[in-house]
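Here is the file query.json (JSON, C-alpha atoms and all ligand atoms).
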```
[["chain", "number", "residue", "atom", "x", "y", "z"],
["A", 1, "MET", "CA", 322.92, -64.43, 50.13],
["A", 2, "ALA", "CA", 321.59, -60.95, 50.84],
["A", 3, "LEU", "CA", 321.89, -59.74, 54.40],
["A", 4, "GLU", "CA", 318.93, -57.88, 55.82],
["A", 5, "ASN", "CA", 318.94, -55.58, 58.79],
["A", 6, "CYS", "CA", 317.92, -57.60, 61.80],
["A", 7, "PRO", "CA", 314.72, -56.40, 63.53],
["A", 8, "SER", "CA", 316.26, -57.20, 66.94],
["A", 9, "CYS", "CA", 319.66, -55.50, 66.78],
["A", 10, "GLY", "CA", 319.38, -53.38, 63.61],
["A", 11, "LYS", "CA", 322.59, -54.78, 62.20],
["A", 12, "ALA", "CA", 322.98, -56.74, 58.97],
["A", 13, "HIS", "CA", 323.66, -60.41, 59.65],
["A", 14, "SER", "CA", 322.52, -63.74, 58.33],
["A", 15, "SER", "CA", 319.75, -65.82, 59.90],
["A", 16, "LEU", "CA", 320.67, -67.02, 63.40],
["A", 17, "SER", "CA", 318.00, -69.51, 64.30],
["A", 18, "GLY", "CA", 317.78, -73.16, 63.34],
["A", 19, "SER", "CA", 319.98, -76.06, 64.26],
["A", 20, "ILE", "CA", 323.22, -77.75, 63.26],
["A", 21, "PRO", "CA", 322.36, -81.42, 62.83],
["A", 22, "VAL", "CA", 324.41, -84.40, 63.98],
["A", 23, "SER", "CA", 323.80, -87.77, 62.35],
["A", 24, "MET", "CA", 324.71, -90.11, 65.20],
["A", 25, "PRO", "CA", 326.26, -90.26, 68.69],
["A", 26, "THR", "CA", 330.04, -89.82, 68.73],
["A", 27, "GLU", "CA", 330.44, -93.41, 69.94],
["A", 28, "ALA", "CA", 328.49, -94.65, 66.90],
["A", 29, "ALA", "CA", 330.58, -92.57, 64.51],
["A", 30, "LYS", "CA", 333.67, -94.34, 65.85],
["A", 31, "LEU", "CA", 332.37, -97.74, 64.73],
["A", 32, "PRO", "CA", 334.11, -99.00, 61.60],
["A", 33, "LEU", "CA", 331.80, -98.67, 58.59],
["A", 34, "GLU", "CA", 331.76, -102.42, 57.98],
["A", 35, "GLN", "CA", 330.51, -103.08, 61.54],
["A", 36, "ARG", "CA", 327.69, -100.56, 61.56],
["A", 37, "GLY", "CA", 325.18, -102.79, 59.80],
["A", 38, "GLU", "CA", 325.39, -105.33, 62.58],
["A", 39, "ARG", "CA", 326.08, -103.22, 65.66],
["A", 40, "LEU", "CA", 324.22, -99.97, 65.02],
["A", 41, "TRP", "CA", 320.52, -99.23, 64.77],
["A", 42, "SER", "CA", 319.18, -95.70, 64.27],
["A", 43, "ASN", "CA", 316.11, -93.99, 62.88],
["A", 44, "GLY", "CA", 317.56, -90.49, 63.25],
["A", 45, "GLU", "CA", 315.72, -89.85, 66.55],
["A", 46, "LEU", "CA", 316.70, -92.95, 68.49],
["A", 47, "CYS", "CA", 319.87, -94.99, 68.27],
["A", 48, "VAL", "CA", 321.14, -98.24, 69.80],
["A", 49, "ILE", "CA", 324.65, -99.70, 69.78],
["A", 50, "ASP", "CA", 325.12, -103.44, 70.39],
["A", 51, "ASP", "CA", 321.64, -103.70, 71.96],
["A", 52, "GLU", "CA", 323.15, -102.26, 75.14],
["A", 53, "ARG", "CA", 323.71, -98.53, 74.74],
["A", 54, "PHE", "CA", 320.69, -96.33, 74.11],
["A", 55, "TYR", "CA", 320.56, -92.82, 72.69],
["A", 56, "LEU", "CA", 318.07, -90.07, 71.99],
["A", 57, "TYR", "CA", 318.39, -87.10, 69.60],
["A", 58, "GLY", "CA", 317.42, -83.57, 70.52],
["A", 59, "SER", "CA", 318.72, -80.03, 70.81],
["A", 60, "ILE", "CA", 320.86, -77.92, 73.09],
["A", 61, "GLU", "CA", 319.30, -74.47, 72.98],
["A", 62, "ILE", "CA", 321.64, -71.49, 73.22],
["A", 63, "LEU", "CA", 320.06, -68.07, 73.69],
["A", 64, "ILE", "CA", 321.47, -65.24, 71.57],
["A", 65, "HIS", "CA", 322.15, -61.94, 73.32],
["A", 66, "GLU", "CA", 319.67, -59.18, 72.36],
["A", 67, "HIS", "CA", 317.67, -61.58, 70.20],
["A", 68, "SER", "CA", 314.49, -63.54, 70.67],
["A", 69, "GLU", "CA", 315.69, -66.38, 68.43],
["A", 70, "SER", "CA", 317.91, -69.09, 69.82],
["A", 71, "PHE", "CA", 320.56, -71.25, 68.25],
["A", 72, "LEU", "CA", 320.32, -75.05, 68.47],
["A", 73, "TRP", "CA", 323.11, -77.57, 68.55],
["A", 74, "GLY", "CA", 321.74, -80.92, 67.45],
["A", 75, "ALA", "CA", 322.96, -83.50, 69.99],
["A", 76, "TRP", "CA", 322.59, -87.09, 71.13],
["A", 77, "VAL", "CA", 322.23, -88.10, 74.76],
["A", 78, "GLU", "CA", 322.69, -91.51, 76.33],
["A", 79, "ILE", "CA", 319.75, -92.79, 78.35],
["A", 80, "THR", "CA", 318.90, -96.00, 80.17],
["A", 81, "GLU", "CA", 317.32, -98.91, 78.33],
["A", 82, "GLU", "CA", 314.21, -98.47, 80.43],
["A", 83, "LYS", "CA", 313.90, -94.77, 79.51],
["A", 84, "PHE", "CA", 314.58, -95.58, 75.87],
["A", 85, "PHE", "CA", 311.61, -97.91, 75.50],
["A", 86, "TRP", "CA", 309.43, -95.65, 77.61],
["A", 87, "TYR", "CA", 310.24, -92.73, 75.30],
["A", 88, "GLN", "CA", 309.73, -94.82, 72.17],
["A", 89, "ASP", "CA", 306.18, -95.57, 73.29],
["A", 90, "LEU", "CA", 305.58, -91.84, 73.72],
["A", 91, "LEU", "CA", 306.70, -90.86, 70.22],
["A", 92, "ASP", "CA", 303.20, -90.33, 68.83],
["A", 93, "ALA", "CA", 301.46, -89.66, 72.12],
["A", 94, "GLU", "CA", 299.36, -86.55, 72.65],
["A", 95, "GLY", "CA", 300.33, -84.50, 75.69],
["A", 96, "ARG", "CA", 303.68, -86.22, 76.06],
["A", 97, "GLU", "CA", 305.24, -82.86, 76.95],
["A", 98, "ASN", "CA", 303.44, -83.08, 80.29],
["A", 99, "HIS", "CA", 305.80, -85.77, 81.49],
["A", 100, "PRO", "CA", 308.48, -84.52, 83.87],
["A", 101, "SER", "CA", 312.03, -84.05, 82.62],
["A", 102, "PHE", "CA", 314.53, -86.87, 83.16],
["A", 103, "GLU", "CA", 318.29, -87.18, 83.44],
["A", 104, "ALA", "CA", 320.71, -88.16, 80.69],
["A", 105, "ILE", "CA", 324.35, -87.81, 79.68],
["A", 106, "LEU", "CA", 325.56, -85.89, 76.64],
["A", 107, "ALA", "CA", 326.85, -88.31, 73.98],
["A", 108, "THR", "CA", 327.87, -85.81, 71.29],
["A", 109, "ASP", "CA", 331.19, -84.03, 71.30],
["A", 110, "ILE", "CA", 330.03, -80.52, 70.38],
["A", 111, "PRO", "CA", 332.54, -78.64, 68.19],
["A", 112, "PHE", "CA", 334.17, -75.42, 69.47],
["A", 113, "TYR", "CA", 334.28, -76.66, 73.06],
["A", 114, "PRO", "CA", 336.51, -78.83, 75.23],
["A", 115, "LEU", "CA", 335.22, -82.42, 75.37],
["A", 116, "THR", "CA", 331.47, -82.30, 76.01],
["A", 117, "ILE", "CA", 330.72, -86.03, 76.21],
["A", 118, "GLY", "CA", 329.52, -87.07, 79.65],
["A", 119, "LEU", "CA", 328.06, -83.73, 80.72],
["A", 120, "PRO", "CA", 324.92, -84.40, 82.76],
["A", 121, "LEU", "CA", 321.66, -82.77, 81.67],
["A", 122, "ALA", "CA", 317.90, -82.90, 81.86],
["A", 123, "VAL", "CA", 315.75, -83.98, 78.90],
["A", 124, "TYR", "CA", 312.57, -81.94, 78.37],
["A", 125, "ILE", "CA", 310.05, -83.73, 76.20],
["A", 126, "ARG", "CA", 308.18, -81.47, 73.81],
["A", 127, "PRO", "CA", 304.88, -81.94, 71.95],
["A", 128, "ASN", "CA", 304.49, -84.61, 69.31],
["A", 129, "GLY", "CA", 306.64, -83.79, 66.28],
["A", 130, "GLN", "CA", 309.17, -81.63, 68.15],
["A", 131, "ARG", "CA", 312.54, -82.85, 69.34],
["A", 132, "PRO", "CA", 313.38, -82.80, 73.03],
["A", 133, "LEU", "CA", 315.43, -79.99, 74.51],
["A", 134, "PHE", "CA", 318.47, -80.67, 76.68],
["A", 135, "ARG", "CA", 319.24, -78.48, 79.68],
["A", 136, "LEU", "CA", 322.78, -78.91, 80.98],
["A", 137, "GLN", "CA", 323.26, -79.12, 84.72],
["A", 138, "ALA", "CA", 325.10, -76.28, 86.42],
["A", 139, "GLY", "CA", 328.89, -76.32, 86.15],
["A", 140, "SER", "CA", 331.88, -74.46, 84.82],
["A", 141, "HIS", "CA", 332.25, -76.11, 81.38],
["A", 142, "PRO", "CA", 332.15, -73.44, 78.63],
["A", 143, "LEU", "CA", 329.16, -75.11, 76.92],
["A", 144, "ILE", "CA", 327.22, -74.97, 80.19],
["A", 145, "LEU", "CA", 328.11, -71.31, 80.63],
["A", 146, "ASP", "CA", 327.02, -70.55, 77.05],
["A", 147, "GLN", "CA", 323.69, -72.29, 77.58],
["A", 148, "HIS", "CA", 323.06, -70.54, 80.87],
["A", 149, "GLU", "CA", 324.27, -67.09, 79.82],
["A", 150, "GLY", "CA", 323.67, -67.01, 76.06],
["A", 151, "VAL", "CA", 326.17, -65.97, 73.39],
["A", 152, "PRO", "CA", 326.71, -62.89, 71.19],
["A", 153, "VAL", "CA", 325.61, -62.88, 67.54],
["A", 154, "LYS", "CA", 329.26, -63.06, 66.49],
["A", 155, "ARG", "CA", 329.67, -66.45, 68.14],
["A", 156, "VAL", "CA", 326.62, -67.89, 66.37],
["A", 157, "GLU", "CA", 327.97, -66.63, 63.06],
["A", 158, "GLU", "CA", 331.22, -68.52, 63.77],
["A", 159, "PHE", "CA", 329.22, -71.71, 64.36],
["A", 160, "ARG", "CA", 327.27, -71.22, 61.13],
["A", 161, "THR", "CA", 330.32, -70.34, 59.03],
["A", 162, "TRP", "CA", 332.03, -73.50, 60.26],
["A", 163, "PHE", "CA", 328.95, -75.58, 59.45],
["A", 164, "LEU", "CA", 328.61, -74.09, 55.95],
["A", 165, "SER", "CA", 332.26, -74.92, 55.30],
["A", 166, "LEU", "CA", 331.39, -78.59, 55.92],
["A", 167, "GLN", "CA", 328.75, -78.44, 53.19],
["A", 168, "ARG", "CA", 331.36, -77.85, 50.50],
["A", 169, "PRO", "CA", 332.10, -80.95, 48.46],
["A", 170, "ALA", "CA", 335.75, -81.02, 49.57],
["A", 171, "ALA", "CA", 334.65, -81.56, 53.17],
["A", 172, "ARG", "CA", 332.65, -84.64, 52.23],
["A", 173, "VAL", "CA", 335.27, -86.64, 50.43],
["A", 174, "GLN", "CA", 335.15, -90.36, 51.16],
["A", 175, "GLY", "CA", 331.67, -89.99, 52.63],
["A", 176, "LYS", "CA", 333.00, -88.52, 55.84],
["A", 177, "LEU", "CA", 330.28, -88.02, 58.40],
["A", 178, "LEU", "CA", 329.61, -84.71, 60.05],
["A", 179, "GLN", "CA", 330.45, -86.30, 63.36],
["A", 180, "ASP", "CA", 333.90, -87.27, 62.13],
["A", 181, "VAL", "CA", 334.51, -83.90, 60.57],
["A", 182, "SER", "CA", 333.44, -82.04, 63.69],
["A", 183, "GLN", "CA", 336.59, -83.22, 65.42],
["A", 184, "ALA", "CA", 338.61, -81.11, 62.98],
["A", 185, "SER", "CA", 337.30, -77.89, 64.53],
["A", 186, "LYS", "CA", 338.96, -78.78, 67.83],
["A", 187, "ARG", "CA", 342.45, -78.93, 66.46],
["A", 201, "ZN", "ZN", 320.39, -59.13, 65.08]]
```
So that I can check it, write out the structure of this file as structure tokens.
Amino acid sequence: MALENCPSCGKAHSSLSGSIPVSMPTEAAKLPLEQRGERLWSNGELCVIDDERFYLYGSIEILIHEHSESFLWGAWVEITEEKFFWYQDLLDAEGRENHPSFEAILATDIPFYPLTIGLPLAVYIRPNGQRPLFRLQAGSHPLILDQHEGVPVKRVEEFRTWFLSLQRPAARVQGKLLQDVSQASKR
């Protein structure tokens, strides 16, 4: 992959924008494979466990210092049943981004950080076809600080290098899910 000089900082580095996807909430990834058919429902944007826990997929946007692009962590948040069905009805609605933001709890354990599950945030609905953005509430957790203050290019390159390493066949033996593998980066 050829590196081109970046128009923002003038240095040679790989593309910074885009997102690192996550297939399901961490709680869902813990379910034994043989139970998932019965207990788990997901269409990639919405997910339900046992008809009683409700999740929504979106992105945590991290600004990159000196750059106009941002980096996105794909993430799941847990929402109330009421909000879940309300959002489902909005999926194809025009102007849905005009609805006010609402509260949710992070349900993905983001790699590179101390435990991130349970962090409170606001969900911002975006226009039809775009995933919601999650804005973490103020606090001292390193992920919150990164979202509020942005990160240097070097940090984003670490995230991307880690993600690319997961794409190698050796990292996918036995059909391991990204969510399971992501725990490895914390050790
Ligand atoms: Zn740059």
task: Select the residues contacting ligand ZN 201 (chain A) at a distance of at most 12 Å, based on only C-alpha atoms and all ligand atoms, then format the selection as JSON, numbers by chain.
output: {"A": [3, 4, 5, 6, 7, 8, 9, 10, 11, 12, 13, 14, 15, 16, 17, 64, 65, 66, 67, 68, 69, 70, 152, 153, 154, 156, 157]}
query: Near Pro21 (chain A), within 8 Å and counting all atoms listed in the file, which residues show up once chain neighbours fewer than 5 positions away are dropped, as a ChimeraX atom specification?
result: /A:73-75
How close does each residue of region 5-43 of chain A get to region 112-129 of chain A, giving the shortest atom pair and distance in Å to one decimal for every residue with an atom at most 12 Å away, counting all atoms listed in the file, sorted by chain and residue number, as JSON lines?
```
{"residue": "A:Pro25", "atom": "CA", "partner": "A:Ile117", "partner_atom": "CA", "distance": 9.7}
{"residue": "A:Thr26", "atom": "CA", "partner": "A:Ile117", "partner_atom": "CA", "distance": 8.4}
{"residue": "A:Glu27", "atom": "CA", "partner": "A:Ile117", "partner_atom": "CA", "distance": 9.7}
```
Keeping C-alpha atoms, export the residues of the selection given above as a tab-separated table (two decimals), in the frame of the given file.
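Ended up saving to again.tsv:
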```tsv
chain	number	residue	atom	x	y	z
A	25	PRO	CA	326.26	-90.26	68.69
A	26	THR	CA	330.04	-89.82	68.73
A	27	GLU	CA	330.44	-93.41	69.94
```
query: Could you work out how far CA of Arg160 (chain A) lies from CA of Leu145 (chain A), giving the answer in Å with one decimal?
result: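 CA of Arg160 (chain A) lies at a distance of 19.5 Å from CA of Leu145 (chain A).
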query: Pick the closest to Val22 (chain A) from A:Ile79, A:Leu91, A:Ala107, A:Ile49: which is it, counting all atoms listed in the file?
result: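 Ranking A:Ile79, A:Leu91, A:Ala107, A:Ile49 by distance to Val22 (chain A), first place goes to A:Ala107.
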For region 39-46 of chain A, please output as a short mmCIF file (atom, residue, chain, number, x, y, z; two decimals) with C-alpha atoms, in the coordinates of the input all residues within 12 Å (counting all atoms listed in the file; exclusion window: fewer than 6 positions along the same chain).
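Everything below was put into around_37.cif:
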```cif
data_model
loop_
_atom_site.label_atom_id
_atom_site.label_comp_id
_atom_site.auth_asym_id
_atom_site.auth_seq_id
_atom_site.Cartn_x
_atom_site.Cartn_y
_atom_site.Cartn_z
CA PRO A 21 322.36 -81.42 62.83
CA VAL A 22 324.41 -84.40 63.98
CA SER A 23 323.80 -87.77 62.35
CA MET A 24 324.71 -90.11 65.20
CA PRO A 25 326.26 -90.26 68.69
CA GLU A 27 330.44 -93.41 69.94
CA ALA A 28 328.49 -94.65 66.90
CA ALA A 29 330.58 -92.57 64.51
CA LYS A 30 333.67 -94.34 65.85
CA LEU A 31 332.37 -97.74 64.73
CA PRO A 32 334.11 -99.00 61.60
CA LEU A 33 331.80 -98.67 58.59
CA GLU A 52 323.15 -102.26 75.14
CA ARG A 53 323.71 -98.53 74.74
CA PHE A 54 320.69 -96.33 74.11
CA TYR A 55 320.56 -92.82 72.69
CA LEU A 56 318.07 -90.07 71.99
CA TYR A 57 318.39 -87.10 69.60
CA GLY A 58 317.42 -83.57 70.52
CA SER A 59 318.72 -80.03 70.81
CA GLY A 74 321.74 -80.92 67.45
CA ALA A 75 322.96 -83.50 69.99
CA TRP A 76 322.59 -87.09 71.13
CA VAL A 77 322.23 -88.10 74.76
CA GLU A 78 322.69 -91.51 76.33
CA ILE A 79 319.75 -92.79 78.35
CA GLU A 81 317.32 -98.91 78.33
CA LYS A 83 313.90 -94.77 79.51
CA PHE A 84 314.58 -95.58 75.87
CA PHE A 85 311.61 -97.91 75.50
CA TRP A 86 309.43 -95.65 77.61
CA TYR A 87 310.24 -92.73 75.30
CA GLN A 88 309.73 -94.82 72.17
CA ASP A 89 306.18 -95.57 73.29
CA LEU A 91 306.70 -90.86 70.22
CA GLY A 129 306.64 -83.79 66.28
CA GLN A 130 309.17 -81.63 68.15
CA ARG A 131 312.54 -82.85 69.34
CA PRO A 132 313.38 -82.80 73.03
#
```
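Our summary of the geometry notes that CA of Phe71 (chain A) is positioned 6.3 Å from CA of Ser19 (chain A).
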Since the input has fewer atoms than a full residue there, write region 10-43 of chain A out with N, CA and C atoms, as a CSV table (one decimal), in the coordinates of the input.
```
chain,number,residue,atom,x,y,z
A,10,GLY,N,319.2,-54.4,64.6
A,10,GLY,CA,319.4,-53.4,63.6
A,10,GLY,C,320.6,-53.6,62.7
A,11,LYS,N,321.4,-54.6,63.0
A,11,LYS,CA,322.6,-54.8,62.2
A,11,LYS,C,322.3,-55.8,61.1
A,12,ALA,N,323.1,-55.8,60.1
A,12,ALA,CA,323.0,-56.7,59.0
A,12,ALA,C,323.7,-58.0,59.3
A,13,HIS,N,323.0,-59.1,59.5
A,13,HIS,CA,323.7,-60.4,59.6
A,13,HIS,C,322.7,-61.5,59.1
A,14,SER,N,323.3,-62.7,58.9
A,14,SER,CA,322.5,-63.7,58.3
A,14,SER,C,321.6,-64.3,59.4
A,15,SER,N,320.7,-65.2,59.0
A,15,SER,CA,319.8,-65.8,59.9
A,15,SER,C,320.5,-66.6,61.0
A,16,LEU,N,320.0,-66.4,62.2
A,16,LEU,CA,320.7,-67.0,63.4
A,16,LEU,C,320.0,-68.3,63.9
A,17,SER,N,318.7,-68.4,63.7
A,17,SER,CA,318.0,-69.5,64.3
A,17,SER,C,318.2,-70.8,63.5
A,18,GLY,N,317.6,-71.9,64.0
A,18,GLY,CA,317.8,-73.2,63.3
A,18,GLY,C,318.8,-74.0,64.0
A,19,SER,N,319.1,-75.2,63.5
A,19,SER,CA,320.0,-76.1,64.3
A,19,SER,C,321.1,-76.6,63.4
A,20,ILE,N,322.2,-77.0,64.0
A,20,ILE,CA,323.2,-77.8,63.3
A,20,ILE,C,323.0,-79.2,63.6
A,21,PRO,N,322.7,-80.0,62.6
A,21,PRO,CA,322.4,-81.4,62.8
A,21,PRO,C,323.6,-82.3,63.1
A,22,VAL,N,323.4,-83.4,63.8
A,22,VAL,CA,324.4,-84.4,64.0
A,22,VAL,C,323.8,-85.8,63.7
A,23,SER,N,324.4,-86.6,62.9
A,23,SER,CA,323.8,-87.8,62.4
A,23,SER,C,323.7,-88.9,63.4
A,24,MET,N,324.7,-89.0,64.3
A,24,MET,CA,324.7,-90.1,65.2
A,24,MET,C,325.6,-89.8,66.4
A,25,PRO,N,325.4,-90.5,67.5
A,25,PRO,CA,326.3,-90.3,68.7
A,25,PRO,C,327.7,-90.4,68.3
A,26,THR,N,328.6,-89.7,69.0
A,26,THR,CA,330.0,-89.8,68.7
A,26,THR,C,330.5,-91.3,68.8
A,27,GLU,N,330.0,-92.0,69.8
A,27,GLU,CA,330.4,-93.4,69.9
A,27,GLU,C,330.1,-94.2,68.7
A,28,ALA,N,328.9,-93.9,68.1
A,28,ALA,CA,328.5,-94.6,66.9
A,28,ALA,C,329.4,-94.3,65.7
A,29,ALA,N,329.8,-93.0,65.6
A,29,ALA,CA,330.6,-92.6,64.5
A,29,ALA,C,332.0,-93.2,64.5
A,30,LYS,N,332.4,-93.7,65.7
A,30,LYS,CA,333.7,-94.3,65.8
A,30,LYS,C,333.6,-95.8,65.3
A,31,LEU,N,332.5,-96.3,65.2
A,31,LEU,CA,332.4,-97.7,64.7
A,31,LEU,C,332.9,-97.8,63.3
A,32,PRO,N,333.7,-98.8,63.0
A,32,PRO,CA,334.1,-99.0,61.6
A,32,PRO,C,332.9,-99.2,60.7
A,33,LEU,N,332.9,-98.6,59.5
A,33,LEU,CA,331.8,-98.7,58.6
A,33,LEU,C,331.3,-100.1,58.4
A,34,GLU,N,332.2,-101.0,58.3
A,34,GLU,CA,331.8,-102.4,58.0
A,34,GLU,C,331.1,-103.1,59.2
A,35,GLN,N,331.2,-102.5,60.4
A,35,GLN,CA,330.5,-103.1,61.5
A,35,GLN,C,329.2,-102.4,61.8
A,36,ARG,N,328.9,-101.3,61.2
A,36,ARG,CA,327.7,-100.6,61.6
A,36,ARG,C,326.4,-101.3,61.3
A,37,GLY,N,326.4,-102.1,60.2
A,37,GLY,CA,325.2,-102.8,59.8
A,37,GLY,C,324.7,-103.7,60.9
A,38,GLU,N,325.7,-104.3,61.6
A,38,GLU,CA,325.4,-105.3,62.6
A,38,GLU,C,325.2,-104.7,64.0
A,39,ARG,N,326.0,-103.7,64.3
A,39,ARG,CA,326.1,-103.2,65.7
A,39,ARG,C,325.3,-102.0,65.9
A,40,LEU,N,324.9,-101.3,64.8
A,40,LEU,CA,324.2,-100.0,65.0
A,40,LEU,C,322.8,-100.0,64.5
A,41,TRP,N,321.9,-99.5,65.3
A,41,TRP,CA,320.5,-99.2,64.8
A,41,TRP,C,320.2,-97.8,65.0
A,42,SER,N,319.6,-97.1,64.1
A,42,SER,CA,319.2,-95.7,64.3
A,42,SER,C,318.1,-95.3,63.3
A,43,ASN,N,317.1,-94.5,63.8
A,43,ASN,CA,316.1,-94.0,62.9
A,43,ASN,C,316.2,-92.5,62.8
```
